[in-house]
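Data first, discussion second: the structure below is written as structure tokens.
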Amino acid sequence: MKTKVDLSFIKMATSLDSSSMEDVTLCSICFEKFKSPRFLPCTHSFCHGCLSSYIVNVCKSTEFRLGFNCPLCREYIPCPGAFDTPDAWAGLFPLNEVLETIVKKPDGKLCDACLRENESENAIGFCLSCTEYLCKVCTKYHKRQLLSRDHTICQLNEMKSGNIFPESGNIHSCPKHKRETVKFFCNDHQQSCCSVCIGISHRKCESIDTVEDAAKNIKQNRQLDVLLGDMKNVEKKLTKAKSEQEINVAEIENSVDEIIEKTEREFKELVDHLDILKNKHLDEVADALKKGRGKLSECTNVLTDGIQCTNYCCRNIERVKETENDAEMVMTYYRVKERLLQLKRFKCTKKQITISEKKSQVLKEMRNMESFGDVEYAESDRRITYDVNDIALSLVNEFSIDGENPIVWTGNFLSNGNFVFADYIPDGRCFIYNKDWKPTEVIDGLSYPFEAIQAGEELLVTCDGTKSIEVFSLSDLHKLRSIKINETMYGITQHNGICYVACGNKIIKFNLSGKKLREYKVEGNYNIHISTTKDGHIVYSNCSLNTVTAITDQGDTVWQYKHIKMRVPRGLDVDFVGNIFVAARGSDNIHVLSGAGCLIRIIEDIPQPMFIKLMEERSICCVCSNRRIMKVYKL
């Protein structure tokens, strides 16, 4: 959903007439005299209240902002404080003392230096350093004086609010002591400071350099180039994420268009089908009416015939009652009596026909339908950038894995947020824990199961006892098939639908149908943990050689990592940036490597980590210690 941004402040700022622009004492937002003017890095000044209202109004249109655009020139201004407190930003910008002084002075522009001598001369300029109006003569001598020759004097006819700000605003003054210049850099606190700061706040600091030495170190170590490279990488990631967001907008628009088209088509098909059913139904009703009419007409004709017969007999009886001819009377009487006997013997029936209907149950259900279909809306957040050097592990949960003396070598998160472990024993099981780390489901009857991973809608379990991979349906955990490998097997990973399994002294590549695609010979016999990077490299650890190695899909070694502080490396995981996390059981730490195999950092004091697995969407990771104790950390 697009958010409408209130641009009224911008419109106000750009609708100034020429006379307003010439008056440097007017705020370009409220068109009134400046009140506590604050100036931005772009040199434009605004009332404190106006600027604060503008910032809050702009920032409320999104979840958070890292800055805003100047209301006047639209230059981007980074936030001066915490990104989640935009209401405090305006107060963190410097006060424009020069403008504040100009606003407080009388409208008449007279030379302040001459007024001190009881003389009245019209001013032609304004000294930004002394915050005084100067006439032509005083301006001339102001420039000649040694103490004031470097002062900036603005000509009144050239003054604009955009270039009126304290001279200290253009030099690197101390943030805490405005009139002091930054001369030192504290390495302990990573802060620039002035002489006053050194004597007060940094007296006990051990490493303090002059700004000249600090700048020299930055240049010699090419830190600016490194910082520029890091910033460009962040910009690249953000640009890519923005592009993906824009693509996502197009995707959901296309999805909605398809849903609308499909709904319209299905609705028309349904209406057409219902119309056919309606006509068929009405035809059946008409046929029933026609049939009923026919049957009732036949019955009516028989009854009419009987009525006519009885009328005829009645008339004959009435006639002979008056006759004096005895023979005629007797003959008529017996003929009519015979007719009566015929009528009584004749099976005369009366039909009762009804026509009704029984509505289809589907139609009843349709009348009770509350929607044409369920619209599913799914949303997830993923961090675009994070610094692995700043990751801190905060323990939030700890528990023992189910089972009698379980032996757990590794585990994995499933796409629904659940977690699966394998208990490496002869009559082994797989345990599935929910998001609250409570056991919910178990797969029994596995022989030495080592690792379980998700591949699409299936769960693949390596079973060393049967030298096979058992495949289960992820929805109900019923067994689908077995993939026979006929090798000692341990860890398993998959990349783009292709699986790789660690077999001690080799790695086997196969597809999900079980076809063996390739075999890689590897150094040593204890390669049991394996993972893949986003580049398709295969990474495996060797707990006896104390190495972590990456190879290409063709089997060529890309890099090998070894460190004096890494002993008995076990489980591996790769984050979405491409960093590789190695659980070093023998050295009680976790090594974080770059995608190129370079050490980024070591996370110490992790007791006997068997494996580490991250779920960055929930900002958590879990570490299994001593093959049975699970520890869940918040990142």
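Following the order of the structure tokens, chains are lettered A, B, ..., residues in each are numbered from 1, and ligands are numbered from 1.
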Neighbours of stretch 185-196 of chain A within 9 Å (only C-alpha atoms; same-chain residues fewer than 6 positions away dropped), as a ChimeraX atom specification? /A:173-177,202,205-211,213-214
Could the residues in this selection be saved with N, CA and C atoms as a PDB file, in the first residue's frame?
ATOM      1  N   SER A 173      34.621  22.386  15.145  1.00  0.00           N
ATOM      2  CA  SER A 173      34.625  22.739  16.552  1.00  0.00           C
ATOM      3  C   SER A 173      34.212  21.524  17.380  1.00  0.00           C
ATOM      4  N   CYS A 174      34.570  21.565  18.652  1.00  0.00           N
ATOM      5  CA  CYS A 174      34.263  20.468  19.555  1.00  0.00           C
ATOM      6  C   CYS A 174      32.756  20.410  19.784  1.00  0.00           C
ATOM      7  N   PRO A 175      32.144  19.224  19.702  1.00  0.00           N
ATOM      8  CA  PRO A 175      30.693  19.109  19.909  1.00  0.00           C
ATOM      9  C   PRO A 175      30.262  19.554  21.306  1.00  0.00           C
ATOM     10  N   LYS A 176      31.158  19.372  22.322  1.00  0.00           N
ATOM     11  CA  LYS A 176      30.799  19.729  23.696  1.00  0.00           C
ATOM     12  C   LYS A 176      31.183  21.167  24.041  1.00  0.00           C
ATOM     13  N   HIS A 177      32.265  21.637  23.447  1.00  0.00           N
ATOM     14  CA  HIS A 177      32.748  22.992  23.754  1.00  0.00           C
ATOM     15  C   HIS A 177      32.844  23.766  22.435  1.00  0.00           C
ATOM     16  N   HIS A 202      39.054  12.871  29.376  1.00  0.00           N
ATOM     17  CA  HIS A 202      39.980  11.848  28.878  1.00  0.00           C
ATOM     18  C   HIS A 202      41.310  11.860  29.632  1.00  0.00           C
ATOM     19  N   CYS A 205      42.724   8.303  29.908  1.00  0.00           N
ATOM     20  CA  CYS A 205      42.876   7.527  28.673  1.00  0.00           C
ATOM     21  C   CYS A 205      44.348   7.330  28.349  1.00  0.00           C
ATOM     22  N   GLU A 206      44.677   6.148  27.828  1.00  0.00           N
ATOM     23  CA  GLU A 206      46.078   5.793  27.592  1.00  0.00           C
ATOM     24  C   GLU A 206      46.569   6.161  26.198  1.00  0.00           C
ATOM     25  N   SER A 207      45.679   6.163  25.219  1.00  0.00           N
ATOM     26  CA  SER A 207      46.121   6.395  23.837  1.00  0.00           C
ATOM     27  C   SER A 207      45.405   7.607  23.253  1.00  0.00           C
ATOM     28  N   ILE A 208      46.132   8.723  23.185  1.00  0.00           N
ATOM     29  CA  ILE A 208      45.588   9.963  22.615  1.00  0.00           C
ATOM     30  C   ILE A 208      46.580  10.494  21.592  1.00  0.00           C
ATOM     31  N   ASP A 209      46.090  10.758  20.392  1.00  0.00           N
ATOM     32  CA  ASP A 209      46.936  11.314  19.324  1.00  0.00           C
ATOM     33  C   ASP A 209      46.454  12.708  18.974  1.00  0.00           C
ATOM     34  N   THR A 210      47.350  13.455  18.370  1.00  0.00           N
ATOM     35  CA  THR A 210      46.916  14.723  17.777  1.00  0.00           C
ATOM     36  C   THR A 210      46.119  14.396  16.511  1.00  0.00           C
ATOM     37  N   VAL A 211      45.301  15.350  16.074  1.00  0.00           N
ATOM     38  CA  VAL A 211      44.510  15.081  14.870  1.00  0.00           C
ATOM     39  C   VAL A 211      45.437  14.897  13.674  1.00  0.00           C
ATOM     40  N   ASP A 213      48.423  13.353  13.751  1.00  0.00           N
ATOM     41  CA  ASP A 213      48.900  11.964  13.792  1.00  0.00           C
ATOM     42  C   ASP A 213      47.770  10.993  13.440  1.00  0.00           C
ATOM     43  N   ALA A 214      46.558  11.293  13.934  1.00  0.00           N
ATOM     44  CA  ALA A 214      45.418  10.427  13.624  1.00  0.00           C
ATOM     45  C   ALA A 214      45.148  10.420  12.120  1.00  0.00           C
TER      46      ALA A 214
END
Check stretch 581-633 of chain A with DSSP on the backbone and list each residue it calls strand (DSSP E), as JSON, numbers by chain. {"A": [581, 582, 583, 584, 589, 590, 591, 592, 593, 599, 600, 601, 602, 603, 609, 610, 611, 612, 613, 614, 615, 620, 621, 622, 623, 624, 625, 629, 630, 631, 632, 633]}
Kindly indicate which residue among A:Ser400, A:Asn412, A:Ser360, A:Thr310 lies nearest to A:Lys278, using only C-alpha atoms for the distances.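 Using only C-alpha atoms, A:Lys278 sits closest to A:Ser360.
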As an NGL selection string, please: every residue in stretch 177-369 of chain A that DSSP puts in helix (DSSP H, G or I). :A and (195-200 or 211-220 or 223-321 or 326-345 or 361-367)
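With atom CA of A:Leu110 on one side and atom CA of A:Gly125 on the other, the separation reads 9.8 Å.
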Which residue of A:Leu614, A:Lys438, A:Glu298, A:Glu246 approaches A:Phe413 most closely, using only C-alpha atoms: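 Residue with the minimum atom-to-atom distance to A:Phe413: A:Leu614.
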